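> Structure: input_14.txt, compact mmCIF, C-alpha atoms.
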```
# COMPACT_ATOMS: atom_id res chain seq x y z
CA MET I 1 26.04 155.21 88.44
CA MET I 2 23.67 152.30 89.09
CA ASN I 3 19.94 152.91 89.40
CA VAL I 4 18.63 150.85 92.29
CA LEU I 5 14.91 150.53 93.02
CA TRP I 6 13.68 150.34 96.63
CA ASN I 7 10.85 147.74 96.61
CA ALA I 8 9.89 147.52 100.27
CA ARG I 9 7.43 149.21 102.60
CA ALA I 10 7.82 152.99 102.75
CA ASP I 11 7.91 152.95 106.54
CA LEU I 12 11.09 150.82 106.46
CA TRP I 13 12.98 153.44 104.46
CA PRO I 14 13.82 155.77 107.42
CA LYS I 15 15.66 152.88 109.11
CA TRP I 16 17.58 151.97 105.95
CA GLU I 17 18.11 155.42 104.45
CA GLY I 18 21.21 156.48 106.38
CA PRO I 19 23.11 153.16 106.22
CA LEU I 20 22.23 152.53 102.55
CA LEU I 21 23.10 156.01 101.31
CA ARG I 22 26.35 155.92 103.26
CA GLU I 23 27.41 152.50 101.94
CA THR I 24 26.43 153.15 98.30
CA ALA I 25 27.61 156.76 98.03
CA GLY I 26 29.27 157.49 94.72
CA PHE I 27 28.16 154.45 92.74
CA ALA I 28 24.41 153.86 93.27
CA ASN I 29 21.34 156.05 92.94
CA ILE I 30 18.46 154.63 95.01
CA VAL I 31 14.99 155.50 93.70
CA HIS I 32 11.49 154.76 94.95
CA ASP I 33 9.63 154.52 91.66
CA ALA I 34 10.45 153.40 88.15
CA PRO I 35 8.61 155.21 85.38
CA ASP I 36 11.10 153.54 83.01
CA PRO I 37 11.69 149.96 84.29
CA ALA I 38 14.39 149.43 81.66
CA ALA I 39 16.52 152.08 83.41
CA ILE I 40 16.73 150.07 86.64
CA ASP I 41 19.91 148.07 87.24
CA ALA I 42 19.06 146.39 90.56
CA ILE I 43 16.12 145.98 92.93
CA LEU I 44 16.17 145.90 96.73
CA HIS I 45 13.25 143.67 97.61
CA ALA I 46 11.10 142.77 100.58
CA PRO I 47 7.82 140.84 100.27
CA THR I 48 6.02 143.95 101.49
CA GLY I 49 7.03 145.92 98.38
CA GLN I 50 4.60 147.15 95.77
CA ILE I 51 6.17 145.43 92.76
CA SER I 52 5.41 141.77 92.16
CA ASP I 53 5.76 141.67 88.37
CA PHE I 54 9.46 141.75 87.52
CA SER I 55 9.12 141.15 83.79
CA PRO I 56 9.37 144.85 82.75
CA PHE I 57 12.78 145.17 84.45
CA THR I 58 14.70 143.80 81.52
CA ASN I 59 18.09 145.25 82.49
CA VAL I 60 18.08 144.33 86.17
CA ARG I 61 21.19 142.32 87.06
CA LEU I 62 20.33 141.69 90.72
CA VAL I 63 17.27 141.36 92.91
CA GLN I 64 18.66 141.62 96.43
CA SER I 65 16.36 140.30 99.12
CA LEU I 66 16.35 142.33 102.33
CA TRP I 67 15.06 139.27 104.20
CA ALA I 68 16.86 136.04 104.97
CA GLY I 69 13.91 133.99 103.71
CA VAL I 70 13.06 134.02 100.01
CA GLU I 71 10.15 131.57 99.96
CA ARG I 72 7.67 134.35 99.13
CA ILE I 73 9.52 135.41 95.99
CA VAL I 74 11.50 132.43 94.70
CA GLY I 75 8.45 130.90 93.00
CA ASN I 76 7.42 134.12 91.24
CA PRO I 77 7.26 133.17 87.53
CA THR I 78 8.07 136.74 86.42
CA LEU I 79 11.35 136.74 88.32
CA THR I 80 14.06 135.66 85.89
CA GLN I 81 16.78 137.99 87.18
CA PRO I 82 19.47 136.77 89.62
CA LEU I 83 18.09 136.65 93.17
CA ALA I 84 20.36 136.93 96.22
CA ARG I 85 19.51 136.07 99.82
CA MET I 86 20.30 138.43 102.67
CA VAL I 87 23.08 136.90 104.73
CA ASP I 88 23.53 139.62 107.34
CA PRO I 89 26.10 139.26 110.15
CA GLY I 90 23.82 141.26 112.45
CA LEU I 91 20.92 138.91 111.74
CA THR I 92 23.18 135.93 112.33
CA ALA I 93 24.37 137.32 115.67
CA GLY I 94 20.77 137.89 116.76
CA MET I 95 19.81 134.32 115.86
CA VAL I 96 22.82 132.91 117.71
CA GLU I 97 21.95 134.89 120.83
CA TYR I 98 18.30 133.82 120.72
CA CYS I 99 19.10 130.13 120.27
CA LEU I 100 21.88 130.13 122.85
CA GLY I 101 19.76 131.97 125.41
CA TRP I 102 16.77 129.66 125.09
CA THR I 103 18.95 126.54 124.98
CA LEU I 104 20.57 127.54 128.26
CA ARG I 105 17.20 128.39 129.81
CA LEU I 106 15.76 125.00 128.87
CA HIS I 107 18.96 123.14 129.76
CA LEU I 108 19.06 124.69 133.25
CA ARG I 109 15.25 124.42 133.65
CA MET I 110 15.24 127.95 134.96
CA ASP I 111 11.47 128.32 134.81
CA ARG I 112 11.01 125.82 137.64
CA TYR I 113 12.36 128.34 140.14
CA ALA I 114 9.02 129.99 140.85
CA GLN I 115 9.29 132.66 143.55
CA ASP I 116 6.76 130.99 145.83
CA GLY I 117 8.82 130.27 148.93
CA VAL I 118 9.64 126.65 147.99
CA TRP I 119 13.32 125.67 148.19
CA ARG I 120 13.88 123.44 145.12
CA ASN I 121 17.38 122.00 145.20
CA THR I 122 16.64 118.33 144.63
CA CYS I 123 17.59 118.29 140.95
CA ILE I 124 20.96 119.72 139.93
CA PRO I 125 21.09 120.18 136.12
CA PRO I 126 23.71 118.34 134.11
CA LEU I 127 26.61 120.22 132.59
CA ALA I 128 26.31 121.37 128.99
CA ALA I 129 28.63 118.57 127.90
CA GLU I 130 26.00 116.10 129.12
CA ARG I 131 23.16 117.70 127.15
CA LYS I 132 22.59 116.56 123.57
CA VAL I 133 21.43 119.25 121.15
CA THR I 134 20.51 118.80 117.48
CA VAL I 135 20.29 121.68 115.03
CA LEU I 136 18.17 121.08 111.92
CA GLY I 137 19.68 123.22 109.18
CA THR I 138 23.41 123.77 108.87
CA GLY I 139 23.63 126.79 106.60
CA ALA I 140 24.95 130.22 107.59
CA LEU I 141 22.62 130.51 110.60
CA GLY I 142 22.64 126.89 111.76
CA SER I 143 26.40 126.48 111.60
CA GLU I 144 27.00 129.63 113.66
CA VAL I 145 24.43 128.50 116.23
CA MET I 146 26.21 125.14 116.42
CA ARG I 147 29.58 126.80 116.98
CA ALA I 148 28.20 128.95 119.78
CA LEU I 149 26.63 125.95 121.50
CA ALA I 150 29.85 123.95 121.12
CA ARG I 151 31.87 126.77 122.69
CA VAL I 152 29.65 126.59 125.77
CA GLY I 153 30.24 122.84 125.84
CA PHE I 154 27.00 121.34 124.51
CA ASP I 155 27.12 117.99 122.72
CA VAL I 156 25.79 119.39 119.44
CA VAL I 157 25.09 117.71 116.09
CA GLY I 158 23.67 119.26 112.94
CA TRP I 159 21.41 117.75 110.29
CA SER I 160 20.71 118.86 106.75
CA GLY I 161 19.10 117.27 103.75
CA SER I 162 22.35 117.32 101.80
CA GLY I 163 24.71 116.50 104.66
CA ARG I 164 27.26 118.89 103.20
CA PRO I 165 30.29 118.98 105.52
CA VAL I 166 30.93 122.05 107.68
CA GLU I 167 34.46 122.40 108.98
CA GLY I 168 34.81 121.61 112.66
CA LEU I 169 31.21 120.46 113.11
CA ARG I 170 29.53 117.07 113.20
CA ILE I 171 26.91 116.94 110.45
CA LEU I 172 24.40 114.20 109.69
CA GLY I 173 22.73 114.28 106.30
CA GLY I 174 19.87 112.87 104.32
CA ALA I 175 16.55 111.28 105.19
CA ASP I 176 18.19 108.11 106.46
CA ALA I 177 20.11 110.05 109.13
CA LEU I 178 17.14 112.08 110.36
CA PRO I 179 15.94 109.46 112.91
CA GLU I 180 19.40 109.45 114.48
CA ALA I 181 19.47 113.25 114.62
CA LEU I 182 16.04 113.40 116.26
CA GLY I 183 16.54 110.40 118.53
CA ARG I 184 19.44 112.06 120.35
CA ALA I 185 17.90 115.54 120.58
CA GLU I 186 17.18 116.45 124.17
CA ILE I 187 16.95 119.97 122.78
CA LEU I 188 16.03 120.37 119.10
CA ILE I 189 16.58 123.66 117.25
CA ALA I 190 14.82 124.04 113.87
CA LEU I 191 16.57 126.39 111.43
CA LEU I 192 15.64 124.89 108.07
CA PRO I 193 14.35 126.97 105.16
CA ASP I 194 10.77 126.70 103.94
CA THR I 195 10.82 124.36 100.93
CA PRO I 196 8.52 121.57 99.72
CA ASP I 197 10.91 119.08 101.33
CA THR I 198 10.84 120.73 104.77
CA GLN I 199 7.15 121.55 105.14
CA ASN I 200 5.67 119.51 108.01
CA LEU I 201 9.02 117.79 108.44
CA LEU I 202 8.32 117.59 112.17
CA ASP I 203 5.12 115.58 111.94
CA ALA I 204 3.69 113.10 114.45
CA THR I 205 5.98 110.28 113.31
CA ARG I 206 9.16 112.31 113.61
CA LEU I 207 8.19 114.10 116.82
CA ALA I 208 7.68 110.64 118.33
CA LEU I 209 11.40 109.95 117.72
CA LEU I 210 12.48 112.63 120.20
CA PRO I 211 13.57 111.51 123.67
CA GLN I 212 11.04 111.67 126.49
CA GLY I 213 10.81 115.24 127.79
CA ALA I 214 12.68 116.79 124.86
CA ALA I 215 12.40 120.51 124.17
CA LEU I 216 11.97 122.25 120.81
CA ILE I 217 13.12 125.72 119.75
CA ASN I 218 11.76 126.89 116.39
CA PRO I 219 13.05 130.25 115.13
CA GLY I 220 13.23 128.93 111.55
CA ARG I 221 9.91 128.63 109.73
CA GLY I 222 6.40 127.96 111.01
CA THR I 223 5.79 125.50 108.18
CA LEU I 224 8.44 123.09 109.51
CA ILE I 225 6.06 121.78 112.19
CA ASP I 226 2.70 120.03 112.08
CA ASP I 227 1.02 122.21 114.70
CA ASP I 228 -1.60 119.65 115.73
CA ALA I 229 1.02 116.94 116.11
CA LEU I 230 3.16 119.21 118.28
CA LEU I 231 0.23 120.07 120.54
CA ALA I 232 -0.62 116.39 120.85
CA VAL I 233 2.86 115.35 122.06
CA LEU I 234 3.00 118.31 124.44
CA ASP I 235 -0.41 117.51 125.91
CA ALA I 236 0.61 113.86 126.29
CA GLU I 237 3.72 115.06 128.18
CA ARG I 238 5.97 113.27 125.68
CA MET I 239 7.72 116.61 125.14
CA GLY I 240 8.71 118.99 127.88
CA HIS I 241 8.46 122.39 126.21
CA ALA I 242 8.36 124.22 122.87
CA VAL I 243 9.68 127.73 122.25
CA LEU I 244 8.08 129.01 119.05
CA ASP I 245 9.07 132.24 117.30
CA VAL I 246 7.56 131.65 113.84
CA PHE I 247 4.09 130.58 112.79
CA ARG I 248 2.00 129.79 109.73
CA THR I 249 -0.10 132.88 110.42
CA GLU I 250 1.51 136.00 111.86
CA PRO I 251 0.69 137.75 114.09
CA LEU I 252 -0.41 134.58 115.87
CA PRO I 253 -4.21 134.90 116.31
CA PRO I 254 -5.37 135.39 119.93
CA GLY I 255 -7.44 132.19 119.79
CA ASN I 256 -4.56 129.96 118.71
CA PRO I 257 -4.08 127.08 121.19
CA PHE I 258 -0.34 127.77 121.44
CA TRP I 259 -1.18 130.82 123.57
CA ARG I 260 -3.00 128.70 126.13
CA ASN I 261 -0.65 125.72 126.37
CA ARG I 262 1.49 125.81 129.52
CA ARG I 263 4.23 123.86 127.73
CA VAL I 264 4.60 126.46 124.96
CA THR I 265 6.41 129.79 124.99
CA VAL I 266 5.41 132.12 122.16
CA THR I 267 7.83 134.84 121.07
CA PRO I 268 6.62 137.28 118.37
CA HIS I 269 9.10 136.62 115.53
CA VAL I 270 11.95 138.39 117.29
CA ALA I 271 14.73 135.78 117.03
CA ALA I 272 16.48 137.56 114.19
CA ASP I 273 15.90 140.40 111.80
CA THR I 274 18.01 142.18 109.23
CA ARG I 275 19.88 145.06 110.86
CA PRO I 276 20.07 147.99 108.41
CA THR I 277 23.57 148.98 109.59
CA THR I 278 25.05 145.60 108.70
CA GLY I 279 22.52 144.69 106.00
CA ALA I 280 23.42 147.81 104.02
CA GLN I 281 27.02 146.60 103.85
CA VAL I 282 25.82 143.31 102.34
CA VAL I 283 23.69 145.19 99.80
CA ALA I 284 26.56 147.51 98.84
CA GLU I 285 29.00 144.62 98.35
CA ASN I 286 26.62 142.82 96.01
CA LEU I 287 25.90 146.00 94.05
CA ARG I 288 29.64 146.57 93.65
CA ARG I 289 30.12 143.01 92.45
CA VAL I 290 27.35 143.33 89.88
CA GLN I 291 28.73 146.66 88.67
CA ALA I 292 32.14 145.01 88.22
CA GLY I 293 30.64 142.09 86.29
CA GLU I 294 31.25 139.64 89.14
CA PRO I 295 28.68 137.12 90.43
CA PRO I 296 26.70 138.30 93.46
CA LEU I 297 27.16 136.62 96.80
CA HIS I 298 24.49 134.29 98.24
CA LEU I 299 22.67 133.61 94.99
CA VAL I 300 19.50 131.55 95.39
CA ASP I 301 19.37 128.09 93.86
CA ARG I 302 15.88 128.10 92.34
CA THR I 303 15.77 124.30 92.19
CA ARG I 304 16.31 124.05 95.98
CA GLY I 305 14.27 127.13 96.86
CA TYR I 306 16.97 128.95 98.84
```
Could you rewrite the structure in this file as structure tokens?

Amino acid sequence: MMNVLWNARADLWPKWEGPLLRETAGFANIVHDAPDPAAIDAILHAPTGQISDFSPFTNVRLVQSLWAGVERIVGNPTLTQPLARMVDPGLTAGMVEYCLGWTLRLHLRMDRYAQDGVWRNTCIPPLAAERKVTVLGTGALGSEVMRALARVGFDVVGWSGSGRPVEGLRILGGADALPEALGRAEILIALLPDTPDTQNLLDATRLALLPQGAALINPGRGTLIDDDALLAVLDAERMGHAVLDVFRTEPLPPGNPFWRNRRVTVTPHVAADTRPTTGAQVVAENLRRVQAGEPPLHLVDRTRGY
């Protein structure tokens, strides 16, 4: 029987309790404190947990993140145990639906149909096949978003720093290809992780590469964008609209200028979250693999930060 430590906020436990106990029944004992750290075999971790010093947990074979992002733990110098990302099919589905919904809304310019008695039929939107979309980030989330957009008919291209191929998708890679990826992006979706290489990637110089009137959807990380540069291109009407779900400070402070900008839509970090029903299945599979002496799925590459 594995001893598994719950290292997340106590108020999250009622949502996870049923799915986790059901999925790990018979092979894992989930505990909420560790008077003897050496007795713990695995840790279920969220950044809101109480434990930040992992050095006493000398026998832990897996630290399983309950969040998709690991930027708040990957640099912890006390963490020497294997760290796995949460790749949750429920989270992925939520992200796909968010990105697809907002892409269609921006593509069809649905917000122009104000219910004010004015008959606006002078501008028929193009078909999806005539709309160029670029997705920054082609990992588990980005590739599924790309597939959903392609099924609708959008002309979609992905970009990643590595340019690693993804079957059935057009991928551009590396810094040299970024201007091409941005230059075609009538709608740009940012799904990159937060790493030193991606912070402020969308600065004034790169935002200037977008086509006139382009729209941005950012459900990835708030650090990807230079906020002042984004506000400047919006105010200059170089960009048409920005849908922002993630921010450097959350909750977004009431005085932040994003709230007041008519070309910005703020959503409160709702694009995707780990669903306990499906997330518990991911946790259980990795615990089983560790118990069997197999490598866990979705291990974090510490050199890349994700």
> Set the distance at 10 Å and use all atoms listed in the file: which residues neighbour Ala34 in chain I once local chain neighbours fewer than 2 positions away are removed? I'd like the list as a VMD selection string.
chain I and resid 3 to 6 31 to 32 36 to 40 57
> Would you mind telling me which residue in I:Arg260, I:Arg221, I:Arg288, I:His298 lies nearest to Glu23 in chain I when using all atoms listed in the file?
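Nearest candidate to Glu23 in chain I out of I:Arg260, I:Arg221, I:Arg288, I:His298: I:Arg288.
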> Find the spatial neighbours of Gly279 in chain I, counting all atoms listed in the file, within a cut-off of 8 Å - ignore same-chain residues fewer than 3 positions away - and output them as a ChimeraX atom specification.
/I:66,86-90,274-276,282-283
> Keeping C-alpha atoms, export the residues of the selection given above as a PDB file, in the frame of the given file.

```
ATOM      1  CA  LEU I  66      16.350 142.330 102.330  1.00  0.00           C
ATOM      2  CA  MET I  86      20.300 138.430 102.670  1.00  0.00           C
ATOM      3  CA  VAL I  87      23.080 136.900 104.730  1.00  0.00           C
ATOM      4  CA  ASP I  88      23.530 139.620 107.340  1.00  0.00           C
ATOM      5  CA  PRO I  89      26.100 139.260 110.150  1.00  0.00           C
ATOM      6  CA  GLY I  90      23.820 141.260 112.450  1.00  0.00           C
ATOM      7  CA  THR I 274      18.010 142.180 109.230  1.00  0.00           C
ATOM      8  CA  ARG I 275      19.880 145.060 110.860  1.00  0.00           C
ATOM      9  CA  PRO I 276      20.070 147.990 108.410  1.00  0.00           C
ATOM     10  CA  VAL I 282      25.820 143.310 102.340  1.00  0.00           C
ATOM     11  CA  VAL I 283      23.690 145.190  99.800  1.00  0.00           C
TER      12      VAL I 283
END
```
> Need the shell around Leu188 in chain I: protein/DNA/RNA residues with any atom at most 7 Å away, counting all atoms listed in the file. Skip same-chain ones fewer than 5 positions apart. Format as a PDB file with C-alpha atoms, in the frame of the given file?

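Result file follows (selection.pdb):
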```pdb
ATOM      1  CA  VAL I 133      21.430 119.250 121.150  1.00  0.00           C
ATOM      2  CA  THR I 134      20.510 118.800 117.480  1.00  0.00           C
ATOM      3  CA  VAL I 135      20.290 121.680 115.030  1.00  0.00           C
ATOM      4  CA  ALA I 215      12.400 120.510 124.170  1.00  0.00           C
ATOM      5  CA  LEU I 216      11.970 122.250 120.810  1.00  0.00           C
ATOM      6  CA  ILE I 217      13.120 125.720 119.750  1.00  0.00           C
TER       7      ILE I 217
END
```
> Find the residues near Gly161 in chain I: any atom within 12 Å, counting only C-alpha atoms, skip ones fewer than 3 places away on the same chain, and give them as a list of chain:residue names.
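Everything that qualifies: I:Leu136, I:Gly137, I:Thr138, I:Gly139, I:Gly158, I:Arg164, I:Pro165, I:Ile171, I:Leu172, I:Gly173, I:Gly174, I:Ala175, I:Asp176, I:Ala177, I:Leu178, I:Ala181, I:Leu192, I:Pro193, I:Thr195, I:Asp197, I:Thr198, I:Leu201, I:Arg304.
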> Measuring atom to atom with all atoms listed in the file, identify which of I:Leu231, I:Ala129, I:Ala271, I:Met110 is nearest to Trp259 in chain I.
I:Leu231
> Could you please determine the separation between CA of Ile187 in chain I and CA of Pro125 in chain I in Å, to one decimal place?
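Separation between CA of Ile187 in chain I and CA of Pro125 in chain I: 14.0 Å.
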> Between I:Asp194, I:Leu297, I:Glu285, I:Ala150, which has the minimum distance to Phe247 in chain I (counting only C-alpha atoms)?
I:Asp194
> Using only C-alpha atoms, which of I:Ala25, I:Ala185, I:Ala272, I:Met146 sits nearest Ala208 in chain I?
I:Ala185
> Please indicate the distance in Å from CA of Gly163 in chain I to CA of Glu144 in chain I, rounded to one decimal place.
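About the pair CA of Gly163 in chain I and CA of Glu144 in chain I: they are 16.1 Å apart.
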> Using all atoms listed in the file, which residue out of I:Ala84, I:Val145, I:Val70, I:Val96 lies closest to Val290 in chain I?
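Among the listed residues, the smallest separation from Val290 in chain I belongs to I:Ala84.
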> Is it possible to add N, CA, C and O atoms to range 179-202 of chain I and hand it back as an mmCIF file, keeping the file's coordinate frame?

```cif
data_model
loop_
_atom_site.group_PDB
_atom_site.id
_atom_site.type_symbol
_atom_site.label_atom_id
_atom_site.label_comp_id
_atom_site.auth_asym_id
_atom_site.auth_seq_id
_atom_site.Cartn_x
_atom_site.Cartn_y
_atom_site.Cartn_z
ATOM 1 N N PRO I 179 16.311 110.101 111.635
ATOM 2 C CA PRO I 179 15.940 109.460 112.910
ATOM 3 C C PRO I 179 17.050 109.508 113.951
ATOM 4 O O PRO I 179 16.774 109.709 115.151
ATOM 5 N N GLU I 180 18.297 109.345 113.531
ATOM 6 C CA GLU I 180 19.400 109.450 114.480
ATOM 7 C C GLU I 180 19.510 110.855 115.049
ATOM 8 O O GLU I 180 19.714 111.040 116.261
ATOM 9 N N ALA I 181 19.377 111.862 114.178
ATOM 10 C CA ALA I 181 19.470 113.250 114.620
ATOM 11 C C ALA I 181 18.375 113.587 115.623
ATOM 12 O O ALA I 181 18.614 114.269 116.631
ATOM 13 N N LEU I 182 17.162 113.111 115.359
ATOM 14 C CA LEU I 182 16.040 113.400 116.260
ATOM 15 C C LEU I 182 16.113 112.558 117.522
ATOM 16 O O LEU I 182 15.789 113.031 118.615
ATOM 17 N N GLY I 183 16.542 111.310 117.397
ATOM 18 C CA GLY I 183 16.540 110.400 118.530
ATOM 19 C C GLY I 183 17.475 110.800 119.645
ATOM 20 O O GLY I 183 17.293 110.374 120.796
ATOM 21 N N ARG I 184 18.477 111.620 119.339
ATOM 22 C CA ARG I 184 19.440 112.060 120.350
ATOM 23 C C ARG I 184 19.094 113.443 120.908
ATOM 24 O O ARG I 184 19.740 113.920 121.831
ATOM 25 N N ALA I 185 18.106 114.114 120.345
ATOM 26 C CA ALA I 185 17.900 115.540 120.580
ATOM 27 C C ALA I 185 17.129 115.816 121.862
ATOM 28 O O ALA I 185 15.897 115.890 121.857
ATOM 29 N N GLU I 186 17.850 115.990 122.946
ATOM 30 C CA GLU I 186 17.180 116.450 124.170
ATOM 31 C C GLU I 186 16.670 117.872 124.002
ATOM 32 O O GLU I 186 15.661 118.256 124.575
ATOM 33 N N ILE I 187 17.416 118.660 123.214
ATOM 34 C CA ILE I 187 16.950 119.970 122.780
ATOM 35 C C ILE I 187 17.121 120.021 121.267
ATOM 36 O O ILE I 187 18.199 119.756 120.739
ATOM 37 N N LEU I 188 16.041 120.328 120.563
ATOM 38 C CA LEU I 188 16.030 120.370 119.100
ATOM 39 C C LEU I 188 15.808 121.807 118.654
ATOM 40 O O LEU I 188 14.860 122.455 119.088
ATOM 41 N N ILE I 189 16.687 122.294 117.781
ATOM 42 C CA ILE I 189 16.580 123.660 117.250
ATOM 43 C C ILE I 189 16.322 123.547 115.747
ATOM 44 O O ILE I 189 17.101 122.933 115.010
ATOM 45 N N ALA I 190 15.220 124.142 115.277
ATOM 46 C CA ALA I 190 14.820 124.040 113.870
ATOM 47 C C ALA I 190 15.175 125.326 113.139
ATOM 48 O O ALA I 190 14.608 126.381 113.413
ATOM 49 N N LEU I 191 16.124 125.225 112.197
ATOM 50 C CA LEU I 191 16.570 126.390 111.430
ATOM 51 C C LEU I 191 16.594 126.099 109.931
ATOM 52 O O LEU I 191 17.392 126.667 109.197
ATOM 53 N N LEU I 192 15.721 125.224 109.488
ATOM 54 C CA LEU I 192 15.640 124.890 108.070
ATOM 55 C C LEU I 192 14.868 125.945 107.290
ATOM 56 O O LEU I 192 13.994 126.623 107.841
ATOM 57 N N PRO I 193 15.148 126.079 105.987
ATOM 58 C CA PRO I 193 14.350 126.970 105.160
ATOM 59 C C PRO I 193 12.988 126.353 104.855
ATOM 60 O O PRO I 193 12.764 125.160 105.092
ATOM 61 N N ASP I 194 12.093 127.169 104.337
ATOM 62 C CA ASP I 194 10.770 126.700 103.940
ATOM 63 C C ASP I 194 10.832 126.247 102.483
ATOM 64 O O ASP I 194 10.915 127.068 101.563
ATOM 65 N N THR I 195 10.833 124.935 102.285
ATOM 66 C CA THR I 195 10.820 124.360 100.930
ATOM 67 C C THR I 195 9.798 123.223 100.924
ATOM 68 O O THR I 195 9.350 122.778 101.992
ATOM 69 N N PRO I 196 9.431 122.727 99.746
ATOM 70 C CA PRO I 196 8.520 121.570 99.720
ATOM 71 C C PRO I 196 9.033 120.388 100.527
ATOM 72 O O PRO I 196 8.244 119.630 101.099
ATOM 73 N N ASP I 197 10.343 120.216 100.605
ATOM 74 C CA ASP I 197 10.910 119.080 101.330
ATOM 75 C C ASP I 197 10.868 119.257 102.848
ATOM 76 O O ASP I 197 10.933 118.275 103.585
ATOM 77 N N THR I 198 10.798 120.503 103.316
ATOM 78 C CA THR I 198 10.840 120.730 104.770
ATOM 79 C C THR I 198 9.478 120.999 105.388
ATOM 80 O O THR I 198 9.350 120.983 106.608
ATOM 81 N N GLN I 199 8.466 121.255 104.578
ATOM 82 C CA GLN I 199 7.150 121.550 105.140
ATOM 83 C C GLN I 199 6.606 120.337 105.877
ATOM 84 O O GLN I 199 6.608 119.218 105.365
ATOM 85 N N ASN I 200 6.181 120.574 107.131
ATOM 86 C CA ASN I 200 5.670 119.510 108.010
ATOM 87 C C ASN I 200 6.709 118.412 108.242
ATOM 88 O O ASN I 200 6.346 117.263 108.486
ATOM 89 N N LEU I 201 7.978 118.774 108.169
ATOM 90 C CA LEU I 201 9.020 117.790 108.440
ATOM 91 C C LEU I 201 8.854 117.197 109.836
ATOM 92 O O LEU I 201 9.007 115.994 110.047
ATOM 93 N N LEU I 202 8.526 118.058 110.793
ATOM 94 C CA LEU I 202 8.320 117.590 112.170
ATOM 95 C C LEU I 202 6.843 117.248 112.341
ATOM 96 O O LEU I 202 6.055 117.995 112.911
#
```
